[in-house]
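Shown next, in structure tokens, is the structure this report addresses.
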Amino acid sequence: MNEYKHLTKQGLWDNNPALVQLLGLCPLLAVTASVTNALGLGLATLFVLVGSNVTVSLVRDFVPSEIRIPVFVMVIATFVTIIQLLMNAYVFQLYQSLGIFIPLIVTNCAIIGRAEAYASKNPWQRAAFDGLAMGAGFALVLVVLGAMREIIGNGTLFDGAELLLGEWAAQLRIELFTVNYPLLLAILPPGAFIGMGFIIALKNKIDAVRSARAEKKTVTRARVTA
Amino acid sequence: MSFRIASSPHGHNQRSTSEMMRWVCYALVPGVLLHSYFFGSGIWFQILLAVVTAIAAEMACTVARERPAFSALRDNTAIVTAVLLAISIPSLAPWWIIVIGTLFAIVVVKHVYGGMGQNLFNPAMAGYVLLLVSFPVQMTNWLPVSAISEHSLNLWQTLHTILFEYTPAGYSVEQLRSGIDGVTMATPLDSIKTGLTQGYTLTEIYQRPEFSYFAGAGWQWINLGFFVGGLLLIQQRIISWHIPLGFLGGLCIPAFIAHIFAPDLMPGPIVHALSGATMLGAFFIATDPVSAATSNRGRVIFGLLIGFIIFVIRSWGGYPDAVAFAVLLANMCVPLIDRYTRPVVYGHGD
């Protein structure tokens, strides 16, 4: 159980693929113009990550280490194809608005990174959980960045959520304020870089405050012996 | 005996930053006066709004960074940033334009990078680019100069337009821009750009009312005003002559060559030098001591680079003017320029 707790903490915070490892920045920056797009890509990545981690973990004893990377890529590509066809069938409009970034999940280094670093060395249950935690951490950052950019750029939240979640989700759309002239920069790629910078800065600040607090708690003892 | 150790820029004059920045403001006066003569009193409100916003943002940032609130204000750099940004935007732009631009310039471009002396990019130009990219309509709504304009606004009408986007009589800025025949008047550089794409020759374009003696009506005098102010700064040794010379050389020499080869398609060096933000950029914006190159040789290269990028974007790019983009692109090259133009230490050359 302790191992799972550790994995959760690693995936969501300490070793977050987006904030700390800075992996998969291309889709992260490109599709987070709205929460809906961010959530869609986050869930797709999560699914691929869990699937590829489990598969890689199951076949790890049969794959010669010389050709492991091509094998991992094939496994990941299989899951990406599955998710791509599923999205094409069930959430077609979202599929269209995410465009090239769904097939590009194959090249997301966060996924092959986890396959190589964790799944190829651990039993499948743990590998699955690792994929879940890492995928959730990645999706979380996507959603936060998407929300930030959508609010600043458009004044809305969950605009177009019905494309992802079905008709009922149309009510989720929140109009925080109306803007006659959207702040286009937040929607454009530079806004993603700037927003990402602020999120990373915030995380580092939180970490610094926490470690400062932890230091205060530790009792320092006077040395009595030499 | 003790030696005083100061950080760069190592000026030979014994002036404090705040005094230098005050001189920059004085030197802007002729250009700003001409600007308000040709484009109406809007610029004064823009400057006022920008300065107030900049001071508030600067104080908020210094407090947030746990420094004394008034320490950063004393060096006047925030005020210069604010004034430069206010001069660069259309004088009837709505109030929130300048507020957003100044906030971005001071908070994100300056203080996030570490405050005065630490910013990689020129704050005023980064703010300008944010505005231009985000609000292209408001940022290109330049009025025609008052001499050929159908409408002239008094002080109250100007203020009303800036605050509510409409004159008291209900005209939008878009309507104010149209001439007697209802055709919207453009800035000279805009006219050149759109005219050339529509297949007119420069000789035909120069017949339009936006142009007079050397270049665009009004704009040429404003540029000359900034040129005079810039010469004052050089004479006072606030700035060195290297960046302005490189800037104008990088812009005018390619323009001259291109003009010789295609006189009806490429505007000549005088049109380039006296249009848009050329002089403001050459003497006041590119010479920002923080984000420019530091050695004299490096400054010439830095200036040449900016001038050349402006020439390229004005001739073949999507935007009519390019000072802000050119300055930001050159800012990115500064570490490289400084790396290769580092003066040789005495006795260590080969």
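Residues in the structure tokens are named by chain (A, B, ... in the order shown) and by number from 1 within that chain; ligands are numbered from 1 in the order shown.
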
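Every residue of chain B that lies within 8 Å of chain A is listed here, counting only C-alpha atoms: B:Leu130, B:Val133, B:Ser134, B:Phe135.
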
Region 8-249 of chain B: residues DSSP assigns to alpha helix (DSSP H), reported as a PyMOL selection string: chain B and resi 17-39+42-64+77-88+95-103+123-134+136-139+155-164+173-176+188-197+202-205+219-235+242-249

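Near Ala286 (chain B), within 7 Å and counting only C-alpha atoms, sit Ile243, Gly281, Ala282, Ala292 and Val327 of chain B; same-chain residues fewer than 4 positions away were not included.
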
Every residue of region 4-212 of chain A that DSSP places in strand (DSSP E or B), as a count of residues only: 4

Residue contacts of Glu58 (chain B) (10 Å, only C-alpha atoms) excluding same-chain residues fewer than 3 positions away, as a ChimeraX atom specification: /B:52-55,61-64,69-73,77-79,103,106-107,110-111,115

Nearby residues (only C-alpha atoms) at most 12 Å from Leu140 (chain A), same-chain spacing under 6 positions excluded, as number ranges by chain: A: 11-13, 16-19, 28, 32, 35, 38-43, 45-46, 132-134, 146-147, 199

Keeping only N, CA and C atoms, write the selected residues as a short mmCIF file (atom, residue, chain, number, x, y, z; two decimals), in the first residue's frame.
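Output file again35.cif is given in full below:
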```cif
data_model
loop_
_atom_site.label_atom_id
_atom_site.label_comp_id
_atom_site.auth_asym_id
_atom_site.auth_seq_id
_atom_site.Cartn_x
_atom_site.Cartn_y
_atom_site.Cartn_z
N GLY A 11 3.28 10.99 -8.99
CA GLY A 11 2.60 11.35 -10.23
C GLY A 11 1.92 12.69 -10.16
N LEU A 12 1.26 12.96 -9.03
CA LEU A 12 0.46 14.18 -8.96
C LEU A 12 1.30 15.40 -8.60
N TRP A 13 2.38 15.21 -7.85
CA TRP A 13 3.08 16.40 -7.38
C TRP A 13 4.59 16.34 -7.55
N ASN A 16 5.64 15.33 -11.15
CA ASN A 16 4.59 15.57 -12.14
C ASN A 16 5.17 15.67 -13.55
N PRO A 17 4.63 14.86 -14.50
CA PRO A 17 5.25 14.86 -15.83
C PRO A 17 5.26 16.23 -16.50
N ALA A 18 4.23 17.05 -16.22
CA ALA A 18 4.18 18.35 -16.90
C ALA A 18 4.97 19.42 -16.14
N LEU A 19 4.84 19.42 -14.81
CA LEU A 19 5.42 20.54 -14.05
C LEU A 19 6.88 20.31 -13.69
N LEU A 28 0.70 19.86 -24.56
CA LEU A 28 0.30 20.64 -23.39
C LEU A 28 0.08 22.10 -23.77
N THR A 32 -4.34 23.57 -24.92
CA THR A 32 -4.98 24.01 -23.68
C THR A 32 -5.68 25.36 -23.82
N VAL A 35 -10.84 24.49 -21.53
CA VAL A 35 -10.88 23.37 -20.59
C VAL A 35 -11.31 22.09 -21.30
N ALA A 38 -8.52 20.59 -23.21
CA ALA A 38 -7.49 20.12 -22.27
C ALA A 38 -7.94 18.81 -21.64
N LEU A 39 -9.20 18.77 -21.21
CA LEU A 39 -9.71 17.56 -20.55
C LEU A 39 -9.74 16.40 -21.53
N GLY A 40 -10.16 16.67 -22.76
CA GLY A 40 -10.21 15.62 -23.77
C GLY A 40 -8.84 15.01 -23.99
N LEU A 41 -7.83 15.85 -24.20
CA LEU A 41 -6.49 15.33 -24.44
C LEU A 41 -5.93 14.69 -23.17
N GLY A 42 -6.25 15.26 -22.01
CA GLY A 42 -5.77 14.69 -20.76
C GLY A 42 -6.29 13.28 -20.56
N LEU A 43 -7.60 13.07 -20.82
CA LEU A 43 -8.18 11.73 -20.66
C LEU A 43 -7.59 10.77 -21.67
N THR A 45 -4.63 10.87 -23.04
CA THR A 45 -3.28 10.53 -22.61
C THR A 45 -3.30 9.57 -21.43
N LEU A 46 -4.23 9.82 -20.51
CA LEU A 46 -4.35 8.95 -19.33
C LEU A 46 -4.64 7.51 -19.76
N LEU A 132 -1.81 5.51 -14.08
CA LEU A 132 -2.96 6.28 -13.64
C LEU A 132 -2.52 7.57 -12.95
N ALA A 133 -1.54 7.45 -12.04
CA ALA A 133 -1.12 8.62 -11.27
C ALA A 133 -0.44 9.64 -12.18
N MET A 134 0.46 9.16 -13.05
CA MET A 134 1.16 10.07 -13.96
C MET A 134 0.18 10.72 -14.94
N GLY A 146 -5.69 25.01 -19.06
CA GLY A 146 -6.81 25.29 -19.95
C GLY A 146 -7.80 26.24 -19.31
N ALA A 147 -8.09 26.02 -18.03
CA ALA A 147 -9.04 26.90 -17.32
C ALA A 147 -8.50 28.31 -17.26
N ILE A 199 2.41 28.68 -13.55
CA ILE A 199 2.01 27.49 -12.79
C ILE A 199 3.25 26.84 -12.16
#
```

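The nearest approach to Tyr166 (chain B) among the residues B:Trp219, B:Tyr113, B:Tyr200, B:Trp95, with only C-alpha atoms taken into account, belongs to B:Trp95.
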
A:Leu104, A:Leu49, A:Glu3, A:Leu157 ranked by distance to Gly137 (chain A), top pick (using only C-alpha atoms): A:Leu49

Which residues are close to Asn141 (chain B), i.e. within 8 Å by only C-alpha atoms, leaving aside same-chain residues fewer than 2 positions away? Reply as an mmCIF file with N, CA and C atoms, in the first residue's frame.
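Contents of result-v8.cif, freshly written:
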```
data_model
loop_
_atom_site.group_PDB
_atom_site.id
_atom_site.type_symbol
_atom_site.label_atom_id
_atom_site.label_comp_id
_atom_site.auth_asym_id
_atom_site.auth_seq_id
_atom_site.Cartn_x
_atom_site.Cartn_y
_atom_site.Cartn_z
ATOM 1 N N PRO B 90 -2.260 54.068 -30.456
ATOM 2 C CA PRO B 90 -3.127 55.114 -31.026
ATOM 3 C C PRO B 90 -3.696 55.990 -29.922
ATOM 4 N N LEU B 92 -6.404 57.532 -29.417
ATOM 5 C CA LEU B 92 -7.799 57.424 -28.974
ATOM 6 C C LEU B 92 -8.159 55.990 -28.567
ATOM 7 N N ALA B 93 -7.152 55.162 -28.306
ATOM 8 C CA ALA B 93 -7.438 53.797 -27.882
ATOM 9 C C ALA B 93 -8.175 53.815 -26.551
ATOM 10 N N VAL B 137 -7.607 45.346 -33.616
ATOM 11 C CA VAL B 137 -8.480 46.404 -34.129
ATOM 12 C C VAL B 137 -8.190 47.729 -33.431
ATOM 13 N N GLN B 138 -8.197 47.693 -32.082
ATOM 14 C CA GLN B 138 -7.973 48.945 -31.346
ATOM 15 C C GLN B 138 -6.569 49.477 -31.571
ATOM 16 N N MET B 139 -5.608 48.575 -31.759
ATOM 17 C CA MET B 139 -4.224 49.022 -31.843
ATOM 18 C C MET B 139 -3.858 49.553 -33.219
ATOM 19 N N LEU B 143 -5.989 57.753 -35.996
ATOM 20 C CA LEU B 143 -6.737 58.801 -36.684
ATOM 21 C C LEU B 143 -5.854 59.376 -37.789
ATOM 22 N N VAL B 173 -14.557 55.423 -33.035
ATOM 23 C CA VAL B 173 -13.260 55.815 -33.584
ATOM 24 C C VAL B 173 -13.191 55.449 -35.060
ATOM 25 N N GLU B 174 -13.809 54.317 -35.384
ATOM 26 C CA GLU B 174 -13.833 53.871 -36.779
ATOM 27 C C GLU B 174 -14.464 54.937 -37.680
ATOM 28 N N ARG B 177 -12.345 58.001 -38.254
ATOM 29 C CA ARG B 177 -11.211 57.824 -39.156
ATOM 30 C C ARG B 177 -11.579 58.080 -40.609
#
```
